[in-house]
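Novice: My structure is stored as start.cif, with mmCIF, C-alpha atoms.
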data_entry
#
loop_
_atom_site.label_atom_id
_atom_site.label_comp_id
_atom_site.auth_asym_id
_atom_site.auth_seq_id
_atom_site.Cartn_x
_atom_site.Cartn_y
_atom_site.Cartn_z
CA MET Q 807 12.72 10.34 -9.55
CA LYS Q 808 9.56 8.77 -10.93
CA ARG Q 809 7.91 6.29 -8.64
CA ILE Q 810 6.46 2.96 -9.73
CA VAL Q 811 2.85 2.62 -8.56
CA TYR Q 812 1.33 -0.85 -8.57
CA TYR Q 813 -2.37 0.01 -8.92
CA VAL Q 814 -4.26 -3.24 -8.94
CA ALA Q 815 -7.45 -5.03 -7.92
CA THR Q 816 -7.11 -7.85 -5.41
CA SER Q 817 -9.39 -10.20 -3.58
CA LEU Q 818 -9.29 -10.25 0.21
CA ASP Q 819 -7.13 -13.36 -0.03
CA GLY Q 820 -4.55 -11.62 -2.18
CA PHE Q 821 -5.26 -12.72 -5.75
CA ILE Q 822 -5.27 -10.36 -8.74
CA SER Q 823 -7.22 -12.83 -10.82
CA GLY Q 824 -9.00 -16.09 -10.18
CA LYS Q 825 -8.53 -19.48 -11.71
CA ASP Q 826 -7.98 -19.43 -15.50
CA GLY Q 827 -7.73 -15.62 -15.49
CA ASP Q 828 -11.27 -15.19 -14.19
CA VAL Q 829 -11.76 -11.58 -13.09
CA SER Q 830 -15.57 -11.66 -13.21
CA GLY Q 831 -15.83 -11.44 -9.41
CA PHE Q 832 -14.13 -8.06 -9.24
CA THR Q 833 -16.23 -4.91 -8.98
CA GLY Q 834 -16.47 -3.50 -12.50
CA LYS Q 835 -18.67 -0.50 -11.84
CA GLY Q 836 -19.39 2.24 -9.33
CA ASN Q 837 -17.55 5.27 -8.04
CA GLY Q 838 -14.46 3.28 -7.04
CA VAL Q 839 -13.92 2.22 -10.63
CA ASP Q 840 -14.56 5.82 -11.72
CA GLN Q 841 -11.91 6.93 -9.21
CA TYR Q 842 -9.43 4.42 -10.62
CA LEU Q 843 -10.06 5.47 -14.22
CA ASN Q 844 -9.69 9.09 -13.22
CA ASP Q 845 -6.45 8.37 -11.38
CA LEU Q 846 -5.03 6.71 -14.49
CA LYS Q 847 -5.16 10.05 -16.31
CA GLU Q 848 -2.23 11.17 -14.16
CA TYR Q 849 0.21 8.65 -15.61
CA ASP Q 850 2.18 9.20 -18.80
CA THR Q 851 3.87 5.79 -18.71
CA VAL Q 852 2.65 2.24 -18.14
CA ILE Q 853 4.76 -0.88 -17.63
CA MET Q 854 3.49 -4.43 -17.69
CA GLY Q 855 4.46 -8.01 -18.31
CA ARG Q 856 3.65 -9.92 -21.46
CA LYS Q 857 0.77 -11.93 -20.02
CA THR Q 858 -0.96 -8.79 -18.81
CA TYR Q 859 -0.62 -7.17 -22.23
CA GLU Q 860 -1.92 -10.26 -23.99
CA PHE Q 861 -4.78 -10.51 -21.47
CA GLY Q 862 -6.10 -7.35 -23.14
CA TYR Q 863 -6.65 -9.32 -26.36
CA ASP Q 864 -9.62 -10.99 -24.65
CA TYR Q 865 -11.15 -7.55 -24.25
CA GLY Q 866 -10.71 -6.31 -27.81
CA LEU Q 867 -7.13 -5.03 -27.72
CA GLU Q 868 -5.35 -5.63 -31.04
CA PRO Q 869 -1.73 -6.84 -30.88
CA GLY Q 870 0.50 -3.76 -31.00
CA GLN Q 871 -2.24 -1.36 -29.89
CA LEU Q 872 -1.99 0.86 -26.84
CA ALA Q 873 -4.04 -0.34 -23.88
CA TYR Q 874 -4.04 3.21 -22.49
CA PRO Q 875 -3.87 5.66 -25.41
CA HIS Q 876 -2.36 8.57 -23.44
CA MET Q 877 0.54 6.54 -21.98
CA ALA Q 878 3.89 5.36 -23.30
CA HIS Q 879 3.88 1.55 -23.06
CA TYR Q 880 6.78 -0.66 -22.04
CA ILE Q 881 5.98 -4.35 -22.30
CA PHE Q 882 8.62 -6.34 -20.44
CA SER Q 883 9.18 -9.61 -22.17
CA ASP Q 884 12.03 -11.72 -23.53
CA SER Q 885 9.69 -13.52 -25.93
CA LEU Q 886 6.90 -11.23 -27.19
CA ILE Q 887 7.00 -10.40 -30.90
CA LEU Q 888 4.54 -7.98 -32.48
CA GLU Q 889 4.37 -7.72 -36.28
CA LYS Q 890 3.29 -4.12 -36.13
CA LYS Q 891 2.87 -1.83 -33.22
CA ASP Q 892 2.09 1.69 -32.12
CA ASP Q 893 5.11 4.00 -31.99
CA ALA Q 894 4.43 4.64 -28.29
CA LEU Q 895 4.75 0.94 -27.46
CA GLN Q 896 8.08 -0.74 -26.83
CA ILE Q 897 8.93 -4.33 -26.06
CA VAL Q 898 11.88 -4.36 -23.68
CA ASN Q 899 13.90 -7.10 -22.05
CA LEU Q 900 13.41 -8.04 -18.41
CA ASP Q 901 16.38 -6.00 -17.30
CA ILE Q 902 16.28 -4.03 -14.08
CA GLU Q 903 18.54 -1.38 -15.62
CA VAL Q 904 15.73 -0.51 -18.04
CA ILE Q 905 13.45 0.04 -15.06
CA LYS Q 906 16.00 2.31 -13.41
CA LYS Q 907 16.38 4.34 -16.60
CA LEU Q 908 12.62 4.77 -16.87
CA LYS Q 909 12.46 6.01 -13.29
CA ASN Q 910 15.07 8.63 -14.10
CA GLN Q 911 13.14 10.12 -17.00
CA PRO Q 912 11.12 13.30 -16.47
CA GLY Q 913 7.36 13.07 -16.19
CA SER Q 914 4.69 11.49 -14.07
CA ASP Q 915 4.88 8.42 -11.87
CA ILE Q 916 4.85 5.08 -13.67
CA TYR Q 917 1.73 2.94 -13.67
CA LEU Q 918 2.53 -0.71 -13.04
CA CYS Q 919 -0.44 -2.48 -14.58
CA GLY Q 920 0.65 -6.02 -13.68
CA GLY Q 921 0.77 -8.86 -13.64
CA GLY Q 922 1.73 -10.79 -10.55
CA GLN Q 923 4.86 -12.37 -11.94
CA PHE Q 924 6.24 -9.06 -13.24
CA ALA Q 925 5.29 -7.26 -10.01
CA GLY Q 926 7.02 -9.97 -7.96
CA TRP Q 927 10.19 -9.51 -10.02
CA LEU Q 928 10.04 -5.75 -9.43
CA LEU Q 929 9.40 -6.24 -5.71
CA GLU Q 930 12.40 -8.53 -5.42
CA HIS Q 931 14.47 -5.74 -6.97
CA GLN Q 932 12.90 -3.20 -4.59
CA GLN Q 933 11.62 -1.12 -7.49
CA ILE Q 934 7.94 -0.75 -6.55
CA ASP Q 935 7.37 2.44 -4.56
CA ILE Q 936 3.62 2.62 -4.01
CA LEU Q 937 0.85 0.05 -3.76
CA LYS Q 938 -2.66 1.17 -4.61
CA ILE Q 939 -4.89 -1.78 -3.87
CA LYS Q 940 -8.47 -1.97 -5.05
CA LEU Q 941 -9.55 -4.31 -2.29
CA ASN Q 942 -12.58 -6.25 -3.51
CA PRO Q 943 -15.12 -7.92 -1.23
CA LEU Q 944 -14.29 -11.32 -2.62
CA ILE Q 945 -12.55 -14.57 -1.76
CA LEU Q 946 -10.99 -16.19 -4.82
CA GLY Q 947 -9.27 -19.18 -3.27
CA ALA Q 948 -6.95 -19.66 -6.24
CA GLY Q 949 -5.45 -17.73 -9.14
CA VAL Q 950 -2.61 -15.28 -9.65
CA PRO Q 951 -1.15 -13.92 -6.38
CA LEU Q 952 -0.47 -10.19 -6.00
CA PHE Q 953 3.26 -10.80 -6.41
CA GLY Q 954 3.22 -14.05 -8.36
CA GLU Q 955 5.59 -16.64 -7.01
CA SER Q 956 7.67 -14.09 -5.10
CA LYS Q 957 8.23 -14.94 -1.43
CA VAL Q 958 9.48 -11.50 -0.46
CA SER Q 959 8.19 -10.19 2.85
CA CYS Q 960 8.16 -6.48 3.66
CA GLN Q 961 6.43 -3.94 5.83
CA LEU Q 962 4.11 -1.39 4.25
CA GLU Q 963 3.39 2.16 5.29
CA PHE Q 964 -0.31 2.95 5.26
CA GLN Q 965 -1.06 6.23 3.52
CA ASP Q 966 -4.72 6.44 2.68
CA ALA Q 967 -7.94 4.45 2.34
CA GLY Q 968 -11.19 5.31 0.60
CA LEU Q 969 -14.47 3.41 0.66
CA TYR Q 970 -16.52 3.22 -2.54
CA GLN Q 971 -19.71 1.63 -3.79
CA HIS Q 972 -20.17 -2.15 -3.74
CA GLY Q 973 -17.81 -2.47 -0.77
CA LEU Q 974 -14.72 -1.60 -2.78
CA GLN Q 975 -11.85 0.07 -0.96
CA ILE Q 976 -8.84 1.74 -2.53
CA ILE Q 977 -5.93 1.59 -0.09
CA THR Q 978 -2.57 3.25 -0.65
CA TYR Q 979 0.65 2.03 0.95
CA GLY Q 980 4.31 2.90 0.69
CA ILE Q 981 6.79 0.04 0.86
CA ASN Q 982 9.49 -0.21 3.49
CA TYR Q 983 12.27 -2.37 2.09
CA GLU Q 984 14.48 -1.98 5.15
CA GLY Q 985 14.79 -5.23 7.01
CA GLN Q 986 13.23 -7.04 4.07
CA ALA Q 987 13.43 -10.77 4.61
CA ARG Q 988 13.70 -13.00 1.58
CA ALA Q 989 12.51 -16.55 1.91
CA LYS Q 990 15.25 -19.01 1.18
CA ASN Q 991 13.25 -21.91 -0.22
CA MET N 250 -28.85 -18.91 15.61
CA LYS N 251 -25.31 -18.12 16.69
CA ARG N 252 -23.05 -16.89 13.96
CA ILE N 253 -19.46 -17.98 13.46
CA VAL N 254 -17.15 -14.96 13.27
CA TYR N 255 -13.68 -15.49 11.83
CA TYR N 256 -11.78 -12.64 13.51
CA VAL N 257 -8.23 -12.81 12.31
CA ALA N 258 -5.14 -10.84 11.36
CA THR N 259 -3.99 -11.07 7.75
CA SER N 260 -1.29 -9.57 5.62
CA LEU N 261 -2.28 -7.66 2.49
CA ASP N 262 -1.43 -10.77 0.48
CA GLY N 263 -3.80 -12.95 2.50
CA PHE N 264 -1.63 -14.83 4.98
CA ILE N 265 -2.54 -15.29 8.65
CA SER N 266 1.02 -16.16 9.53
CA GLY N 267 4.32 -16.08 7.76
CA LYS N 268 6.81 -18.80 7.08
CA ASP N 269 7.39 -21.16 10.04
CA GLY N 270 4.52 -19.55 11.98
CA ASP N 271 6.21 -16.16 12.07
CA VAL N 272 3.67 -13.53 13.21
CA SER N 273 6.24 -10.93 14.23
CA GLY N 274 5.30 -8.64 11.34
CA PHE N 275 1.73 -8.18 12.54
CA THR N 276 0.80 -5.10 14.52
CA GLY N 277 0.86 -6.13 18.18
CA LYS N 278 -0.02 -2.84 19.80
CA GLY N 279 -2.13 0.28 19.40
CA ASN N 280 -5.82 1.06 19.49
CA GLY N 281 -6.70 -1.54 16.83
CA VAL N 282 -5.36 -4.32 19.02
CA ASP N 283 -7.23 -2.77 21.98
CA GLN N 284 -10.40 -2.81 19.87
CA TYR N 285 -9.88 -6.48 19.03
CA LEU N 286 -9.29 -7.44 22.66
CA ASN N 287 -12.36 -5.49 23.68
CA ASP N 288 -14.45 -7.16 20.98
CA LEU N 289 -13.40 -10.59 22.25
CA LYS N 290 -15.22 -9.90 25.52
CA GLU N 291 -18.49 -10.32 23.62
CA TYR N 292 -17.91 -14.00 22.84
CA ASP N 293 -18.78 -16.84 25.21
CA THR N 294 -17.47 -19.56 22.89
CA VAL N 295 -14.30 -20.04 20.88
CA ILE N 296 -13.59 -22.71 18.28
CA MET N 297 -10.22 -23.50 16.77
CA GLY N 298 -8.15 -26.20 15.15
CA ARG N 299 -5.46 -28.17 16.89
CA LYS N 300 -2.52 -26.30 15.42
CA THR N 301 -3.91 -22.96 16.53
CA TYR N 302 -4.43 -24.25 20.06
CA GLU N 303 -0.93 -25.69 20.20
CA PHE N 304 0.48 -22.45 18.76
CA GLY N 305 -0.48 -20.93 22.13
CA TYR N 306 2.10 -23.16 23.83
CA ASP N 307 4.79 -20.91 22.32
CA TYR N 308 3.24 -18.02 24.22
CA GLY N 309 2.97 -19.62 27.64
CA LEU N 310 -0.29 -21.55 27.33
CA GLU N 311 -0.19 -24.84 29.22
CA PRO N 312 -1.72 -27.88 27.52
CA GLY N 313 -5.35 -28.11 28.68
CA GLN N 314 -5.55 -24.47 29.74
CA LEU N 315 -8.06 -21.99 28.37
CA ALA N 316 -6.62 -19.53 25.89
CA TYR N 317 -9.51 -17.14 26.62
CA PRO N 318 -10.61 -17.66 30.25
CA HIS N 319 -14.17 -16.35 29.78
CA MET N 320 -14.99 -18.58 26.81
CA ALA N 321 -16.01 -22.21 26.38
CA HIS N 322 -13.36 -23.83 24.18
CA TYR N 323 -13.95 -26.39 21.45
CA ILE N 324 -10.74 -27.66 19.92
CA PHE N 325 -11.51 -29.48 16.67
CA SER N 326 -9.12 -32.34 16.20
CA ASP N 327 -9.14 -36.04 15.48
CA SER N 328 -5.72 -36.47 17.06
CA LEU N 329 -5.19 -34.10 20.00
CA ILE N 330 -4.91 -35.74 23.42
CA LEU N 331 -4.60 -33.70 26.61
CA GLU N 332 -3.72 -35.48 29.84
CA LYS N 333 -5.60 -32.96 31.92
CA LYS N 334 -7.70 -30.05 30.87
CA ASP N 335 -9.97 -27.29 32.03
CA ASP N 336 -13.63 -28.30 32.38
CA ALA N 337 -14.60 -25.56 29.92
CA LEU N 338 -12.37 -27.06 27.20
CA GLN N 339 -13.52 -29.88 24.96
CA ILE N 340 -11.71 -31.73 22.20
CA VAL N 341 -14.23 -32.58 19.51
CA ASN N 342 -14.03 -34.43 16.23
CA LEU N 343 -13.96 -32.61 12.91
CA ASP N 344 -17.66 -33.20 12.33
CA ILE N 345 -19.81 -30.51 10.78
CA GLU N 346 -22.79 -31.70 12.86
CA VAL N 347 -20.94 -30.57 15.99
CA ILE N 348 -20.60 -27.11 14.44
CA LYS N 349 -24.30 -26.99 13.65
CA LYS N 350 -25.18 -28.01 17.20
CA LEU N 351 -22.94 -25.28 18.62
CA LYS N 352 -24.65 -22.70 16.43
CA ASN N 353 -28.01 -23.77 17.78
CA GLN N 354 -27.07 -23.25 21.41
CA PRO N 355 -28.14 -20.05 23.17
CA GLY N 356 -25.60 -17.33 23.80
CA SER N 357 -23.26 -15.06 21.93
CA ASP N 358 -21.77 -15.45 18.48
CA ILE N 359 -18.91 -17.93 18.18
CA TYR N 360 -15.34 -16.71 17.85
CA LEU N 361 -13.42 -18.64 15.22
CA CYS N 362 -9.83 -18.17 16.31
CA GLY N 363 -8.26 -20.11 13.43
CA GLY N 364 -6.32 -21.50 11.88
CA GLY N 365 -6.37 -21.44 8.11
CA GLN N 366 -6.95 -25.13 7.58
CA PHE N 367 -9.86 -25.27 10.04
CA ALA N 368 -11.34 -22.05 8.61
CA GLY N 369 -11.07 -23.47 5.07
CA TRP N 370 -12.96 -26.57 6.17
CA LEU N 371 -15.69 -24.42 7.71
CA LEU N 372 -15.87 -22.23 4.60
CA GLU N 373 -16.26 -25.28 2.40
CA HIS N 374 -19.21 -26.27 4.58
CA GLN N 375 -20.59 -22.71 4.39
CA GLN N 376 -20.50 -22.36 8.16
CA ILE N 377 -18.60 -19.07 8.54
CA ASP N 378 -21.00 -16.15 8.77
CA ILE N 379 -18.82 -13.10 9.37
CA LEU N 380 -15.24 -12.20 8.54
CA LYS N 381 -13.53 -9.62 10.71
CA ILE N 382 -10.15 -9.01 9.12
CA LYS N 383 -7.38 -7.17 10.92
CA LEU N 384 -5.70 -6.05 7.71
CA ASN N 385 -2.04 -5.43 8.46
CA PRO N 386 0.24 -3.20 6.37
CA LEU N 387 2.46 -6.10 5.50
CA ILE N 388 3.42 -8.39 2.64
CA LEU N 389 4.34 -11.87 3.88
CA GLY N 390 4.95 -13.67 0.60
CA ALA N 391 4.52 -17.11 2.16
CA GLY N 392 2.92 -18.80 5.14
CA VAL N 393 -0.56 -19.95 6.12
CA PRO N 394 -3.31 -18.64 3.81
CA LEU N 395 -6.51 -17.20 5.29
CA PHE N 396 -8.42 -20.35 4.34
CA GLY N 397 -5.57 -22.86 4.23
CA GLU N 398 -5.63 -25.05 1.16
CA SER N 399 -9.30 -24.32 0.42
CA LYS N 400 -10.00 -23.19 -3.15
CA VAL N 401 -13.52 -21.97 -2.43
CA SER N 402 -14.47 -18.69 -4.09
CA CYS N 403 -17.29 -16.52 -2.78
CA GLN N 404 -18.50 -12.96 -2.77
CA LEU N 405 -18.40 -10.95 0.45
CA GLU N 406 -20.72 -8.23 1.67
CA PHE N 407 -18.85 -5.25 3.05
CA GLN N 408 -20.25 -4.12 6.39
CA ASP N 409 -17.80 -1.86 8.13
CA ALA N 410 -14.18 -0.68 8.17
CA GLY N 411 -12.22 1.11 10.87
CA LEU N 412 -8.74 2.59 10.66
CA TYR N 413 -6.46 2.28 13.67
CA GLN N 414 -2.92 3.15 14.67
CA HIS N 415 0.06 1.76 12.75
CA GLY N 416 -2.01 1.50 9.57
CA LEU N 417 -4.13 -1.37 10.86
CA GLN N 418 -7.66 -1.68 9.53
CA ILE N 419 -10.42 -3.87 10.91
CA ILE N 420 -12.84 -4.71 8.11
CA THR N 421 -16.08 -6.63 8.57
CA TYR N 422 -17.72 -8.63 5.81
CA GLY N 423 -20.67 -10.98 5.55
CA ILE N 424 -20.30 -13.99 3.26
CA ASN N 425 -22.56 -14.65 0.31
CA TYR N 426 -22.48 -18.37 -0.41
CA GLU N 427 -24.99 -18.15 -3.26
CA GLY N 428 -23.33 -18.89 -6.56
CA GLN N 429 -20.29 -20.16 -4.72
CA ALA N 430 -17.90 -21.76 -7.16
CA ARG N 431 -15.69 -24.56 -5.96
CA ALA N 432 -12.48 -25.18 -7.80
CA LYS N 433 -12.29 -28.67 -9.18
CA ASN N 434 -8.58 -29.34 -8.94
#
What do you get writing this file as structure tokens?

Specialist:
Amino acid sequence: MKRIVYYVATSLDGFISGKDGDVSGFTGKGNGVDQYLNDLKEYDTVIMGRKTYEFGYDYGLEPGQLAYPHMAHYIFSDSLILEKKDDALQIVNLDIEVIKKLKNQPGSDIYLCGGGQFAGWLLEHQQIDILKIKLNPLILGAGVPLFGESKVSCQLEFQDAGLYQHGLQIITYGINYEGQARAKN
Amino acid sequence: MKRIVYYVATSLDGFISGKDGDVSGFTGKGNGVDQYLNDLKEYDTVIMGRKTYEFGYDYGLEPGQLAYPHMAHYIFSDSLILEKKDDALQIVNLDIEVIKKLKNQPGSDIYLCGGGQFAGWLLEHQQIDILKIKLNPLILGAGVPLFGESKVSCQLEFQDAGLYQHGLQIITYGINYEGQARAKN
């Protein structure tokens, strides 16, 4: 079965972007970024939430375009409408059964591009298999948390860590959902 | 001048304790914990907030006792009252001038034991010099953030990382306060 890999940059205090979507503090160059871009070549499928897809518009992405040309795109949204779109891009409802079907297709692991809210929803449904964290030497203090508003707590299983230029680390964890405690608030 | 070293366990999502002070998910054994305990021998002074001091009561600390017998203790609080206390323990007001005086004394670096609220106050006053993060393979989802309610954003300077048993890493960063952006909300 395909695994879902949440491969994402975070600050040391656990934010994937700062206030007002500010990602300027994250390391944008060096051999860690090269490693990430190289790793992305392995994926044939990317999933993301609407906000993450639309975030690309600020960086030149046209509505309906592929953010990663070699991947099939599934944008999970109950509200996004695109007038025209690439054939390899699908807008799908936030339905966990769609996720399970995707995991049962042949092919590579699935790249979970973000964002926090979508990742939190997947975590609550125990559908994320691997975390690959680009740990940036940065305190953000506010912004979008790694798992959005999710309060799920779970143990991770350390797999690997690499140190790159500019103090960037890429750390890989499995997720142990056994004994997962969900906050009740 | 003495440096203030915030040496603290965090989850991957940036919490120093879980909901209701739950720290049971943090690694409590292995050579990383041994390293931490060994490192503590280097400090002659510990500073902490009231809640962190009182948290020790749950683990057998008597009010007024030293949490770390070889260190001078400064508990920063405008409200804590202890009927009797060790001579090496002082309750001091939350006054940044006291911090500056401590840093100008001779001796070792200062161990900042916590908690998040006190550390956030120190960060806002640019008084923390080193972060030593015991990065635990753990998602907490809720709890006490590394810097409490502080919204300060700042770049860090990676210094060193060590991998220990049970997937624990100890990562050391300097703090670059230049260009520090404070959130305005």

Novice: Name every residue that the PyMOL selection byres ((chain Q) within 6 of (chain N)) selects in this structure, writing the answer as JSON, numbers by chain with chains first and numbers rising.

Specialist: {"Q": [819, 820, 943, 944, 945, 946, 947, 948, 957, 958, 959, 960, 961, 962, 964, 973]}

Novice: Could you list the residues chosen by the PyMOL selection byres ((chain N and resi 339) around 6) in this structure as a ChimeraX atom specification?

Specialist: /N:323,338,340

Novice: Between atom CA of N:Tyr292 and atom CA of N:Lys278, what is the distance in Å, rounded to a tenth?

Specialist: 21.3 Å

Novice: Could you list the residues chosen by the PyMOL selection byres ((chain N and resi 296) around 7) in this structure as a ChimeraX atom specification?

Specialist: /N:294-295,297,322-324,360-362

Novice: As an exercise, work out the distance from atom CA of N:Glu291 to atom CA of N:Asp358 in Å and give it to one decimal place.

Specialist: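 Computed distance, atom CA of N:Glu291 to atom CA of N:Asp358, equals 8.0 Å.
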
Novice: Residues at most 8 Å from N:Leu343, counting only C-alpha atoms, excluding those fewer than 3 positions away in the same chain, as JSON, numbers by chain?

Specialist: {"N": [325, 326, 327, 347]}

Novice: Which of these residues is nearest to N:Ile345, using only C-alpha atoms: N:Ser266, N:Gln314, N:Gln375, N:Thr276?

Specialist: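 The closest residue to N:Ile345 is N:Gln375.
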
Novice: I'd like the contact shell of Q:Asp850 - 9 Å cut-off, all atoms listed in the file, skipping same-chain residues fewer than 4 positions apart - returned as a PyMOL selection string.

Specialist: chain Q and resi 846+876-879+913-917

Novice: Could you work out how far atom CA of N:Asp344 lies from atom CA of N:Ser328, giving the answer in Å with one decimal?

Specialist: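 Distance reported for this atom pair: 13.3 Å.
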
Novice: Calculated over only C-alpha atoms, which of the candidates Q:Lys909, Q:Gly920, Q:Tyr983, Q:Ile977 has the smallest distance to Q:Arg809?

Specialist: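 Answer, going by the shortest atom-to-atom distance: Q:Lys909.
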
Novice: Quick one: everything within 12 Å of Q:Gly862, counting only C-alpha atoms, minus sequence neighbours fewer than 4 positions away in the same chain. Send it as a ChimeraX atom specification.

Specialist: /Q:827,854-858,866-874,919-921
